[in-house]
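Data block below; observations after.
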Amino acid sequence: MPVMDQPAQCAWRTNGRLNMLYRSTRGAAPVTLDEALVLGIASDGGLFVPESLPDLGPQDFRSTDDIRLTARTLLTPFFRGSELEKDLDEIIAETFNFPIPVTPLPVSVGRCGLLELYHGPTAAFKDIGAQFLAACLTRLDGDRKKPLTILVATSGDTGGAVAAAFDERPGMRVVVLFPNGRVSDRQAHQLTCWSDNVLSLAVNGSFDDCQMMVKGAMADEALSAKYRFSSANSINVGRLLPQAIYYAHASLQHFRKYDRRSSFVIPTGNLGNAFACFLARAVGLPIGDIVLATNANRIINDFLDDGTWEPRASIETLASAMDVGNPSNMERLRKLGGEARELAGKVRAVSVNDSQITQQIKQNFDEFGFAICPHTATATYAWRNLDPAERMEKDWILVATAHPAKFESIVEPVIGTTVPLPAELAGILARPRRFDVIEPTALALESVLSRRFGS
Ligand SMILES: *Cc1c(COP(=O)(O)O)cnc(C)c1O
């Protein structure tokens, strides 16, 4: 792709050559961004990836502290030919409406900072992708006669972020299915405190039951046509693209200040967040090493070690949002980064067990005076256990994926004190809860949909 033009000049230049298309990781014919956003997943079951990557170095970004301008420069090539190109500034403004700082850590050797992705409405990084996707879908589809119904099965964090992002959006409904009694109290609250366009369903079953019900409903053509089902799960390209922005912004700011690349350590489950960093580096941003911090679910680690890809049932850990036995974004990473041997030269993975997570929460509090969540603790562990020379010679940014107050039942006993609630979370927890309890069957889902949304 050519080096970027100023967005204002190129906004309507949508001849075939410049349009960005998105192809399936499994080979189906490419589609436009707008189709990829609405479809979520390719017709052959693959994941959408951009057909080509722009070539953008630090010199292509205006020297600025405004993450929104960085976002516009980075996203413009990915939106070429989209109906949304003219709305990009608005979409960005609706998404990046809270701070995303890098807080320097007072380390005695080397340089290290914490990228805080948890200042959004539901206090986890998934807010960013969910808000961006909501802003896109509302504009693509928001004024049709019949609302679009986003179905989401959640084990905790995703459902809250999606519900918050679509809450009160015209022409949009959300149905959240979560396993009754198997999410934390604060998570349950975030899943059940929204307006009339959000239907929260506590399913008497497991997360797998919830996921099966969603898949079943989407595969039911009559039902699907009646409610216009769509999904907002983490493989949607509309959740992926905005996540590349904070890596771009953090690395550019660091590069301007120190003229050095940033290396990132990223808590990883389904590999969406880390893939976005990989994408940002492939585009040309000043990013050095990428280290994936996983929990006891070792599938990525084993793949990088010996090339065997063995999806398995997930193990429950303290970093529950990373309990993934078959990370779907690996398909994207292999497409962009190659197979095991080649990929292992571009990215590393460190597996962190529960007792190491607990120990990190304590050590971080003792050394730096603030609490971290169990997911973030996997990143601090991986960083502390780097080769000492490497830890000193490179500049590290550790990614903090959720606010510790969201996981207070794990964090507070370890640090022996309470974690203050951030204002957004306190606001959510003050709202009344409202949800239906249903059995884990297609019939139960159908009947509650009909009761709440009419026929
Ligand atoms: C979802 C989540 C992760 C894992 O992110 P992936 O994109 O699935 O790798 C890590 N930490 C928190 C707090 C999360 O909610």
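Chains: A, B, ... in order of the structure tokens. Residues: from 1 per chain. Ligands: from 1, in order shown.
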Which residues of chain A have any atom within 8 Å of an atom in ligand 1 when counting only C-alpha atoms and all ligand atoms, and what is the closest pair of atoms for each, with the distance in Å to one decimal? Order the rows by chain and rising number and write it as a Markdown table.
```
| residue | atom | partner | partner_atom_place_in_ligand_line | distance |
| --- | --- | --- | --- | --- |
| A:Ala124 | CA | ligand 1 | 13 (C) | 5.5 |
| A:Phe125 | CA | ligand 1 | 15 (O) | 6.5 |
| A:Lys126 | CA | ligand 1 | 15 (O) | 6.1 |
| A:Gly156 | CA | ligand 1 | 15 (O) | 7.9 |
| A:Asp157 | CA | ligand 1 | 15 (O) | 5.2 |
| A:Thr158 | CA | ligand 1 | 15 (O) | 6.7 |
| A:Ser234 | CA | ligand 1 | 7 (O) | 7.2 |
| A:Pro267 | CA | ligand 1 | 10 (C) | 5.2 |
| A:Thr268 | CA | ligand 1 | 9 (O) | 3.7 |
| A:Gly269 | CA | ligand 1 | 9 (O) | 3.6 |
| A:Asn270 | CA | ligand 1 | 8 (O) | 3.4 |
| A:Leu271 | CA | ligand 1 | 9 (O) | 3.5 |
| A:Gly272 | CA | ligand 1 | 7 (O) | 3.5 |
| A:Asn273 | CA | ligand 1 | 7 (O) | 3.9 |
| A:Ala274 | CA | ligand 1 | 9 (O) | 6.2 |
| A:Phe275 | CA | ligand 1 | 7 (O) | 7.8 |
| A:Ala319 | CA | ligand 1 | 11 (N) | 7.2 |
| A:Ser320 | CA | ligand 1 | 12 (C) | 8.0 |
| A:Ala321 | CA | ligand 1 | 2 (C) | 4.7 |
| A:Met322 | CA | ligand 1 | 4 (C) | 4.8 |
| A:Val324 | CA | ligand 1 | 8 (O) | 7.8 |
| A:Pro327 | CA | ligand 1 | 8 (O) | 7.6 |
| A:Cys373 | CA | ligand 1 | 13 (C) | 7.6 |
| A:His375 | CA | ligand 1 | 11 (N) | 5.0 |
| A:Thr376 | CA | ligand 1 | 11 (N) | 6.9 |
| A:Ala400 | CA | ligand 1 | 11 (N) | 7.7 |
| A:Thr401 | CA | ligand 1 | 13 (C) | 4.5 |
| A:Ala402 | CA | ligand 1 | 13 (C) | 4.3 |
| A:His403 | CA | ligand 1 | 13 (C) | 7.8 |
```
Prev. selection, N, CA, C and O atoms, output as an mmCIF file, in the first residue's frame:
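So the final result, stored in result_10.cif, reads:
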```cif
data_model
loop_
_atom_site.group_PDB
_atom_site.id
_atom_site.type_symbol
_atom_site.label_atom_id
_atom_site.label_comp_id
_atom_site.auth_asym_id
_atom_site.auth_seq_id
_atom_site.Cartn_x
_atom_site.Cartn_y
_atom_site.Cartn_z
ATOM 1 N N ALA A 124 -12.079 -3.155 32.136
ATOM 2 C CA ALA A 124 -11.165 -4.113 31.503
ATOM 3 C C ALA A 124 -10.935 -3.683 30.048
ATOM 4 O O ALA A 124 -11.727 -2.920 29.491
ATOM 5 N N PHE A 125 -9.853 -4.201 29.439
ATOM 6 C CA PHE A 125 -9.491 -3.709 28.101
ATOM 7 C C PHE A 125 -10.559 -4.020 27.059
ATOM 8 O O PHE A 125 -10.613 -3.375 26.013
ATOM 9 N N LYS A 126 -11.436 -4.980 27.337
ATOM 10 C CA LYS A 126 -12.446 -5.339 26.350
ATOM 11 C C LYS A 126 -13.424 -4.199 26.067
ATOM 12 O O LYS A 126 -14.106 -4.214 25.045
ATOM 13 N N GLY A 156 -17.722 -14.054 31.820
ATOM 14 C CA GLY A 156 -17.474 -12.967 32.770
ATOM 15 C C GLY A 156 -17.302 -11.591 32.144
ATOM 16 O O GLY A 156 -18.228 -10.808 32.065
ATOM 17 N N ASP A 157 -16.084 -11.324 31.630
ATOM 18 C CA ASP A 157 -15.752 -9.954 31.224
ATOM 19 C C ASP A 157 -16.380 -9.485 29.912
ATOM 20 O O ASP A 157 -16.829 -8.346 29.793
ATOM 21 N N THR A 158 -16.404 -10.349 28.906
ATOM 22 C CA THR A 158 -16.859 -9.924 27.583
ATOM 23 C C THR A 158 -18.298 -9.413 27.595
ATOM 24 O O THR A 158 -18.598 -8.356 27.036
ATOM 25 N N SER A 234 -14.965 -11.946 20.355
ATOM 26 C CA SER A 234 -13.664 -11.285 20.255
ATOM 27 C C SER A 234 -12.977 -11.523 18.917
ATOM 28 O O SER A 234 -11.930 -10.951 18.665
ATOM 29 N N PRO A 267 -0.776 -10.183 28.940
ATOM 30 C CA PRO A 267 -1.597 -11.290 29.456
ATOM 31 C C PRO A 267 -2.475 -11.832 28.327
ATOM 32 O O PRO A 267 -3.177 -11.066 27.661
ATOM 33 N N THR A 268 -2.419 -13.142 28.111
ATOM 34 C CA THR A 268 -3.005 -13.702 26.888
ATOM 35 C C THR A 268 -3.904 -14.908 27.151
ATOM 36 O O THR A 268 -3.545 -15.802 27.905
ATOM 37 N N GLY A 269 -5.082 -14.900 26.512
ATOM 38 C CA GLY A 269 -5.982 -16.041 26.584
ATOM 39 C C GLY A 269 -6.373 -16.467 25.176
ATOM 40 O O GLY A 269 -5.831 -17.397 24.593
ATOM 41 N N ASN A 270 -7.302 -15.716 24.601
ATOM 42 C CA ASN A 270 -7.764 -16.011 23.251
ATOM 43 C C ASN A 270 -6.893 -15.354 22.181
ATOM 44 O O ASN A 270 -7.153 -15.466 20.997
ATOM 45 N N LEU A 271 -5.868 -14.608 22.631
ATOM 46 C CA LEU A 271 -4.851 -14.034 21.751
ATOM 47 C C LEU A 271 -5.297 -12.822 20.934
ATOM 48 O O LEU A 271 -4.605 -12.409 20.013
ATOM 49 N N GLY A 272 -6.434 -12.237 21.287
ATOM 50 C CA GLY A 272 -6.915 -11.079 20.542
ATOM 51 C C GLY A 272 -6.075 -9.843 20.818
ATOM 52 O O GLY A 272 -5.635 -9.144 19.902
ATOM 53 N N ASN A 273 -5.831 -9.595 22.090
ATOM 54 C CA ASN A 273 -5.083 -8.414 22.486
ATOM 55 C C ASN A 273 -3.641 -8.497 21.969
ATOM 56 O O ASN A 273 -3.105 -7.542 21.408
ATOM 57 N N ALA A 274 -3.019 -9.650 22.128
ATOM 58 C CA ALA A 274 -1.637 -9.806 21.682
ATOM 59 C C ALA A 274 -1.533 -9.753 20.158
ATOM 60 O O ALA A 274 -0.582 -9.199 19.610
ATOM 61 N N PHE A 275 -2.526 -10.295 19.468
ATOM 62 C CA PHE A 275 -2.467 -10.228 18.012
ATOM 63 C C PHE A 275 -2.485 -8.770 17.539
ATOM 64 O O PHE A 275 -1.819 -8.409 16.568
ATOM 65 N N ALA A 319 -6.621 -16.322 36.915
ATOM 66 C CA ALA A 319 -6.758 -15.366 35.805
ATOM 67 C C ALA A 319 -7.827 -15.919 34.859
ATOM 68 O O ALA A 319 -7.541 -16.359 33.740
ATOM 69 N N SER A 320 -9.073 -15.889 35.304
ATOM 70 C CA SER A 320 -10.136 -16.655 34.645
ATOM 71 C C SER A 320 -10.457 -16.176 33.233
ATOM 72 O O SER A 320 -10.881 -16.973 32.396
ATOM 73 N N ALA A 321 -10.251 -14.887 32.957
ATOM 74 C CA ALA A 321 -10.564 -14.386 31.613
ATOM 75 C C ALA A 321 -9.562 -14.908 30.584
ATOM 76 O O ALA A 321 -9.726 -14.691 29.386
ATOM 77 N N MET A 322 -8.523 -15.587 31.057
ATOM 78 C CA MET A 322 -7.537 -16.186 30.157
ATOM 79 C C MET A 322 -7.634 -17.705 30.140
ATOM 80 O O MET A 322 -6.736 -18.371 29.628
ATOM 81 N N VAL A 324 -8.518 -20.320 28.414
ATOM 82 C CA VAL A 324 -8.901 -20.677 27.051
ATOM 83 C C VAL A 324 -8.101 -21.895 26.629
ATOM 84 O O VAL A 324 -6.872 -21.900 26.722
ATOM 85 N N PRO A 327 -7.333 -21.132 21.698
ATOM 86 C CA PRO A 327 -7.353 -19.693 21.367
ATOM 87 C C PRO A 327 -7.631 -19.443 19.883
ATOM 88 O O PRO A 327 -6.822 -19.814 19.035
ATOM 89 N N CYS A 373 -4.460 -6.829 39.012
ATOM 90 C CA CYS A 373 -5.413 -7.933 38.899
ATOM 91 C C CYS A 373 -4.657 -9.232 38.594
ATOM 92 O O CYS A 373 -3.491 -9.195 38.196
ATOM 93 N N HIS A 375 -4.751 -11.233 36.129
ATOM 94 C CA HIS A 375 -4.306 -11.340 34.734
ATOM 95 C C HIS A 375 -3.018 -10.544 34.531
ATOM 96 O O HIS A 375 -2.057 -11.023 33.939
ATOM 97 N N THR A 376 -3.046 -9.310 35.042
ATOM 98 C CA THR A 376 -1.871 -8.449 34.948
ATOM 99 C C THR A 376 -0.675 -9.091 35.646
ATOM 100 O O THR A 376 0.473 -8.931 35.212
ATOM 101 N N ALA A 400 -1.656 -3.977 31.563
ATOM 102 C CA ALA A 400 -2.602 -4.222 32.663
ATOM 103 C C ALA A 400 -3.997 -4.307 32.068
ATOM 104 O O ALA A 400 -4.549 -3.311 31.597
ATOM 105 N N THR A 401 -4.565 -5.512 32.055
ATOM 106 C CA THR A 401 -5.798 -5.729 31.295
ATOM 107 C C THR A 401 -7.086 -5.463 32.064
ATOM 108 O O THR A 401 -8.131 -5.257 31.452
ATOM 109 N N ALA A 402 -7.038 -5.524 33.395
ATOM 110 C CA ALA A 402 -8.260 -5.232 34.165
ATOM 111 C C ALA A 402 -7.896 -4.526 35.463
ATOM 112 O O ALA A 402 -6.762 -4.621 35.951
ATOM 113 N N HIS A 403 -8.865 -3.812 36.005
ATOM 114 C CA HIS A 403 -8.665 -3.136 37.291
ATOM 115 C C HIS A 403 -8.746 -4.172 38.416
ATOM 116 O O HIS A 403 -9.620 -5.050 38.381
#
```
Neighbour list for segment 286-288 of chain A as a PyMOL selection string, cut-off 8 Å, only C-alpha atoms, skip fewer than 2 positions in-chain: chain A and resi 57-58+248+251-252+255+260-264+280-281+284+290
From A:Glu367, A:Thr317, A:Glu310, A:Ile300, residue lying nearest Val350 of chain A [only C-alpha atoms]: A:Ile300
Measuring atom to atom with only C-alpha atoms, identify which of A:Asp289, A:Asp44, A:Asp366, A:Asp196 is nearest to Gly345 of chain A.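 Checking each of A:Asp289, A:Asp44, A:Asp366, A:Asp196 against Gly345 of chain A, counting only C-alpha atoms, the winner is A:Asp289.
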Pick the closest to Ala164 of chain A from A:Gly338, A:Gly427, A:Pro121, A:Pro179: which is it, counting only C-alpha atoms?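 Between A:Gly338, A:Gly427, A:Pro121, A:Pro179, the residue approaching Ala164 of chain A most closely is A:Pro121.
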Measuring atom to atom with only C-alpha atoms, identify which of A:Lys226, A:Arg434, A:Arg239, A:Arg68 is nearest to Val38 of chain A.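 Counting only C-alpha atoms, the residue closest to Val38 of chain A is A:Arg239.
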Between atom CA of Gly113 of chain A and atom CA of Val414 of chain A, what is the distance, to one decimal in Å?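 Separating atom CA of Gly113 of chain A from atom CA of Val414 of chain A is a distance of 22.8 Å.
We find atom CA of Ala130 of chain A and atom CA of Gly46 of chain A to be spaced 20.6 Å apart.
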Calculated over only C-alpha atoms, which of the candidates A:Leu133, A:Leu148, A:Val237, A:Leu201 has the smallest distance to Ala42 of chain A?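 Between A:Leu133, A:Leu148, A:Val237, A:Leu201, the residue approaching Ala42 of chain A most closely is A:Val237.
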Counting only C-alpha atoms, the option among A:Pro106, A:Pro147, A:Gly160, A:Pro422 closest to Arg173 of chain A: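 Looking at the shortest contact to Arg173 of chain A, the residue is A:Pro147.
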DSSP-assigned strand (DSSP E) members of segment 160-394 of chain A, reported as a ChimeraX atom specification: /A:172-179,198-203,229-231,262-267,287-294,348-351
Excluding same-chain residues fewer than 3 positions from segment 21-31 of chain A, what lies within 6 Å of it counting only C-alpha atoms, as a list in words?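 Contacts, with the query itself left out: Ala42, Gly46, Leu47, Phe48, Val49, Pro50 and Glu51 of chain A.
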Would you please extract all alpha helix (DSSP H) residues from segment 196-417 of chain A, as assigned by DSSP on the backbone, and give them as a PyMOL selection string? chain A and resi 207-219+221-227+237-258+272-283+299-306+330-337+340-344+354-368+374-384+388-393+408-415
